[in-house]
Structures are given as C-alpha cells and as structure tokens.
Amino acid sequence: MKQAMGCSDLVERLELVLGKQLPDSELVALKAHVEGCERCRQLLEVCRGEQVLEHTDGLVGGVLARTSGSACSRVHSMLCDYVDQMLQGDDAALVQGHLNYCSGCAQLASVLEELVVALPQMASLDPGPFFTGSVVAATRSTQPPDKWALLLSYLSQVFQRPRFSLEAAYVGALLIFLVFGGVPVKSVGGVASATLAGFQLNLSELVQDTPAVLSNSWADFYNSCESRVERKMQATQVALGSAFESLQGSAEQLRDMSDEHLLKPTAALIQDVTEKYEEYSRSFSSAEASEDHPVETAE
Amino acid sequence: MGADVRATGSQLNLDEVLHRCRRGDELAWESLVRNYQSRVYGLAYHYVANSEDARDLAQDIFVKVYKNLRKCPNADSFLPWLFRITRNASIDHLRRKRVRPPASQVAEMDMNSLVDHSCDPEEHWLKEVRRGLFRKALQMLTLLNREIIILKEIQGLTLEEMAGILDVPIGTLKSRSHRARLELAEKVLALSQGQGGTNS
C-alpha cells in the first residue's frame with residue numbers, strides 16, 4: 001500500500017533524494033507531495049542548484065567576516081591592474097565576480113576607468129592668447145649666456161655658498177699641514193704622495209738656502225743704502241757751507257753799510273753835539289764868575 | 001618617446017629648433033614657447049592651483065629655460081628637463097608662499113582657459129565639472145602621490161624619467177603609483193557622494 005509523505009518526510013530523506021538512493025516506492029510518494037507543496041519544491045530546486053536565492057549579500061558578508069575576512073582590500077590591490085587590463089585570466093574573473101556583488105568596489109573601479117581617460121586630457125592648459133608674446137618680450141633683451149658667463153655664474157654661486165669659507169679654510173689648513181707639517185708621505189705611495197714628497201723636498205732645500213740668500217741680499221741692500229745716505233750727507237754739507245758763506249758775506253755787507261750810513265754819521269753828530277754842549281758850558285761858567293767878583297777883578 | 005610627437009603642432013625637428021634657439025634665433029624660440037606653453041602652464045597649474053600664479057610662474061620658467069638652453073643635452077631629454085625646471089620652480093613658489101593652496105581655491109580656475117575641442121556645450125560643461133572635481137581631489141593627496149599622478153598619469157612620463165625628476169627610487173615610484181591612483185579615486189568618490197551624486 002502506498003504511504004503518503006509530508007514536508008517533514010522530505011527533510012528527513014533529503015540527503016537520500018539528492019544522492020538518488022531513495023527506494024522507488026518512497027520516491028513516488030515524495031514526488032506526489034512535492035508536486036502539491038510549493039515550499040518543498042523550492043527547497044529541492046535550491047538544493048539541486050537549479051535556483052539561486054535572492055538577498056544573500058548579508059549571508060556572504062557574514063560568512064566572510066567569520067572566516068577569511070572581507071575580500072575588498074585584496075580587490076583594491078588588484079584594481080588598477082584590472083582597469084589597465086593587466087590581470088591574468090583567473091584573477092580578472094575573480095575580480096569581476098567580486099565587482100558584480102560589491103557596489104563599493106564597483107564604484108571605485110568605475111572612477112578609476114574614468115580617470116584613465118580623463119587625466120591625460122588634463123595635461124595641457126591654454127595660458128591665454130598673449131602668453132607667447134609676453135615670454136618672447138621678456139626674453140628679447142636677454143641673450144643666451146656664453147660659456148664664460150655660465151662659468152662665472154657657476155663660480156659666483158660657489159663662492160656665495162655659506163659653507164664655502166669653511167671648506168676653503170679646511171682645505172687650506174690641510175695643505176699647510178701636509179706641506180709644512182713634515183708628514184712622512186713617502187711611505188704612503190701613489191702619484192699624489194710622490195708629488196707632495198718632492199714638493200716637500202724642494203721646500204726643505206729652499207728653506208736651507210734661504211738664510212744665505214737673505215743675508216747676501218740684506219748686505220747688498222745695506223751697502224747701497226749707506227753709500228746713498230753718505231752721498232746725500234756730503235751734498236747737504238756742501239750746500240750748507242755755500243749757504244753759510246753767502247750768509248756771512250751778506251752780514252759783512254750789512255755791517256759795512258750800517259757803519260757807513262748809520263754809525264759814522266751818528267757818531268759825528270754826537271761828537272758835534274758834545275762839543276757844542278761843552279763850549280756852551282764853558283761860556284756860561286765864565287759869565288757867571290764875572291758877575292760875582294767885579295772889584296777883585298778890577299783891583 | 002619621440003621628441004617630434006611631443007612637440008604638438010610642430011613639424012620641425014626639436015634638435016634643430018633647440019640648436020637655432022641656442023644661436024639666438026627668435027623665431028625658433030617663439031615656436032618652442034608656443035609648442036610647450038600649454039604643458040608647462042598645465043603642469044605649473046596642477047602644482048600651484050591658481051591660474052594667475054601659474055601664468056606668471058610659466059613665464060618665469062620659460063625665461064629660465066632660455067637662459068639655460070645650453071644645459072639641455074638633446075631633444076630626447078628636453079621634456080623631462082623642462083618638467084624638472086617647472087616642478088622645481090613650482091615647489092619653490094609653494095615654499096615661498098609657505099602654504100599649500102586649500103582645496104576650496106581650486107574652483108576659482110578659469111574654465112574657459114582649458115584646452116578642449118568638444119563641440120557640445122553641455123558635454124563640455126559636464127566634462128569641466130568633472131575635471132574640477134578631479135583637481136580638487138588631486139589637491140587632497142600627499143605631495144608625493146600628487147606628483148606621481150601629475151607626472152605619470154597626466155603628463156605621461158615614464159618611471160625612469162620620474163625618478164630623475166623627483167629623485168626617488170623607481171621601486172618606490174612603482175609601488176606608490178597604484179596606491180596614489182586608488183587614493184585619488186577614493187577622494188573623487190567621496191567628493192562625488194558629498195556633492196549628492198556619484199559618477200554621472
């Protein structure tokens with residue numbers, strides 16, 4: 001006798017149904033039930049993969065969150081290559097499959113595709129109709145500098161650097177130390193050290209010879225100076241002697257002139273005045289004596 | 001990277017033009033300026049994000065190029081050399097101003113100055129709005145990421161040329177390149193959503 005099947009019977013025998021291991025008698029009874037039960041028919045179709053349930057995004061997200069995590073970051077790392085069509089077949093299909101269901105990544109891919117087209121078009125901008133003329137006018141008075149001008153410009157830049165004085169002082173101190181410091185560079189070897197050693201040798205010979213050379217030079221200089229000073233002194237003495245003689249002659253002439261024209265007339269005048277004064281005194285004395293003693297004189 | 005291809009609108013060989021410029025040929029110099037002014041101005045604009053500043057800066061850059069023409073070795077290396085001068089001058093300009101221009105200043109650009117041969121006004125307007133958004137997003141990136149986008153994605157330089165200009169190892173540029181693109185796309189997406197709509 002054929003036994004009637006219900007919804008619970010299908011659930012219990014679902015594995016046998018999918019594995020096609022259900023006895024024919026029970027299979028006929030289940031088919032009769034499924035034909036009349038919409039819910040059981042849908043369950044069978046879903047289990048057989050004949051129907052895809054809608055609104056499963058939340059389910060996939062939930063599963064990924066509890067297992068491997070979101071695939072969006074992995075897709076982001078491949079998205080530029082996907083847009084540039086540089087991905088291999090499997091990777092491209094996987095990314096495409098993700099983009100079919102992930103709206104965020106799909107939007108990002110869409111913007112990237114738009115940028116690929118739009119960005120190169122932004123390379124050029126029109127600066128305006130007068131730009132070329134203004135540039136040509138600005139450069140008209142300026143000729144391209146020649147090599148010497150460039151060299152001078154480079155040197156001026158080098159000399160104006162703030163560290164240049166420090167570097168120059170360092171190099172100078174190093175050279176002085178190497179040249180005058182007596183560093184035994186011969187043992188080091190190399191062309192530069194050989195050159196420096198030769199220079200040091202020449203320098204030492206120069207230093208040894210220098211006192212004698214300086215002494216001779218000094219003696220010559222002293223002798224020449226002494227003779228020149230002596231000649232100058234003699235010439236000065238001669239000049240002074242002639243000047244003294246000339247001055248002496250002038251003084252004698254002046255004295256003669258004063259004797260002739262000043263002293264002699266003055267002396268004669270004084271003598272004349274003196275004589276006249278004595279004569280007057282004598283005459284005055286005789287007159288006074290005659291007035292005081294007239295009788296005696298008469299007696 | 002052929003020199004003739006990059007010299008848009010010019011049938012002359014760049015080596016010959018450079019040679020004439022070095023000899024003081026004003027006509028050759030004018031041709032050189034005319035051929036490269038939009039790229040120099042565009043690159044300077046992407047750095048300073050101000051049309052007036054970029055125009056003055058581009059003029060100074062060309063004067064500097066004129067004075068240093070003898071230092072440019074050949075035509076193949078002319079564009080990287082020109083971009084290096086432009087980049088250094090732009091960075092100096094930004095340092096002098098001592099502030100990075102905020103993203104809000106980007107919108108002040110003169111839209112009419114853009115080079116575009118589109119005939120449809122509506123399409124042209126939508127494209128300009130979108131480009132404004134890209135520029136705004138570009139200003140929100142870090143300096144290195146911004147320079148990578150400007151030089152590689154916008155100006156089309158190779159990694160080797162970029163390494164010479166930015167003085168950054170090629171490996172670093174390679175690894176940062178994808179990250180910079182992704183960061184720019186994220187900024188664009190955020191700005192688009194902030195403006196009430198996504199990519200149209």
# chains A, B, ... in the order shown; residues from 1 in each chain; ligands from 1
$ interface_residues --of "chain A" --to "chain B" --cutoff "7 Å" --atoms "only C-alpha atoms" --output "list in words"
Cys80, Leu108, Val111, Leu112, Leu119, Pro120, Met122, Ala123, Ser124, Leu125, Asp126, Pro127, Gly128, Thr132, Val135, Val136, Thr139, Gln143, Pro144 and Pro145 of chain A
$ write_last_selection --atoms "N, CA and C atoms" --output "tab-separated table (two decimals), in the first residue's frame"
chain	number	residue	atom	x	y	z
A	80	CYS	N	43.81	48.47	-9.96
A	80	CYS	CA	44.47	49.27	-11.01
A	80	CYS	C	44.89	48.37	-12.18
A	108	LEU	N	34.42	52.24	-7.24
A	108	LEU	CA	35.84	52.62	-7.30
A	108	LEU	C	36.44	52.25	-8.65
A	111	VAL	N	35.35	54.80	-11.24
A	111	VAL	CA	36.09	56.07	-11.17
A	111	VAL	C	37.50	55.90	-11.74
A	112	LEU	N	38.13	54.76	-11.43
A	112	LEU	CA	39.47	54.52	-11.97
A	112	LEU	C	39.44	54.46	-13.50
A	119	LEU	N	42.49	61.90	-17.11
A	119	LEU	CA	43.73	62.53	-16.63
A	119	LEU	C	44.68	62.96	-17.76
A	120	PRO	N	44.93	62.10	-18.76
A	120	PRO	CA	45.83	62.58	-19.84
A	120	PRO	C	45.28	63.80	-20.58
A	122	MET	N	44.05	66.27	-19.20
A	122	MET	CA	44.28	67.45	-18.37
A	122	MET	C	45.72	67.93	-18.43
A	123	ALA	N	46.52	67.34	-19.33
A	123	ALA	CA	47.95	67.68	-19.37
A	123	ALA	C	48.19	69.10	-19.86
A	124	SER	N	47.34	69.57	-20.77
A	124	SER	CA	47.57	70.88	-21.38
A	124	SER	C	46.50	71.87	-20.94
A	125	LEU	N	46.95	73.06	-20.64
A	125	LEU	CA	46.04	74.18	-20.35
A	125	LEU	C	46.47	75.36	-21.19
A	126	ASP	N	45.50	76.09	-21.70
A	126	ASP	CA	45.83	77.24	-22.54
A	126	ASP	C	46.12	78.45	-21.64
A	127	PRO	N	47.33	78.98	-21.66
A	127	PRO	CA	47.63	80.12	-20.79
A	127	PRO	C	47.09	81.45	-21.30
A	128	GLY	N	46.45	81.45	-22.43
A	128	GLY	CA	45.89	82.70	-22.95
A	128	GLY	C	46.58	83.15	-24.22
A	132	THR	N	52.52	83.83	-25.25
A	132	THR	CA	53.73	83.67	-26.06
A	132	THR	C	54.42	85.01	-26.28
A	135	VAL	N	56.27	86.15	-23.18
A	135	VAL	CA	57.52	85.39	-22.94
A	135	VAL	C	58.61	85.86	-23.91
A	136	VAL	N	58.23	86.01	-25.17
A	136	VAL	CA	59.24	86.45	-26.16
A	136	VAL	C	59.72	87.85	-25.82
A	139	THR	N	62.18	87.70	-22.96
A	139	THR	CA	63.49	87.11	-23.26
A	139	THR	C	64.22	87.84	-24.38
A	143	GLN	N	70.09	87.77	-24.03
A	143	GLN	CA	70.71	86.82	-24.94
A	143	GLN	C	71.15	85.60	-24.13
A	144	PRO	N	71.15	84.43	-24.77
A	144	PRO	CA	71.63	83.25	-24.05
A	144	PRO	C	73.09	83.44	-23.66
A	145	PRO	N	73.44	83.23	-22.42
A	145	PRO	CA	74.81	83.48	-21.97
A	145	PRO	C	75.78	82.49	-22.58
$ residues_around --residues "A:Gln200" --least-positions-apart "3" --cutoff "9 Å" --atoms "only C-alpha atoms" --output "PyMOL selection string"
chain A and resi 178-180+182+195-197+203-205
$ atom_distance --atom1 "atom CA of A:Leu201" --atom2 "atom CA of A:Ala219"
28.1 Å
$ closest_residue --among "B:Met140, B:Val129, B:Met162, B:Leu157" --to "B:Ser192" --atoms "only C-alpha atoms"
B:Val129
$ residues_around --residues "B:Leu144" --least-positions-apart "2" --cutoff "9 Å" --atoms "only C-alpha atoms" --output "MDAnalysis selection string"
chainID B and resid 141:142 146:149 166 176 180
$ closest_residue --among "A:Met5, A:Leu16, A:Ala92, A:Leu87" --to "A:Cys40" --atoms "only C-alpha atoms"
A:Met5
$ closest_residue --among "B:Ile91, B:Leu14, B:Leu57, B:Leu126" --to "B:Asn74" --atoms "only C-alpha atoms"
B:Leu14
$ atom_distance --atom1 "atom CA of A:Cys105" --atom2 "atom CA of A:Cys72"
6.9 Å
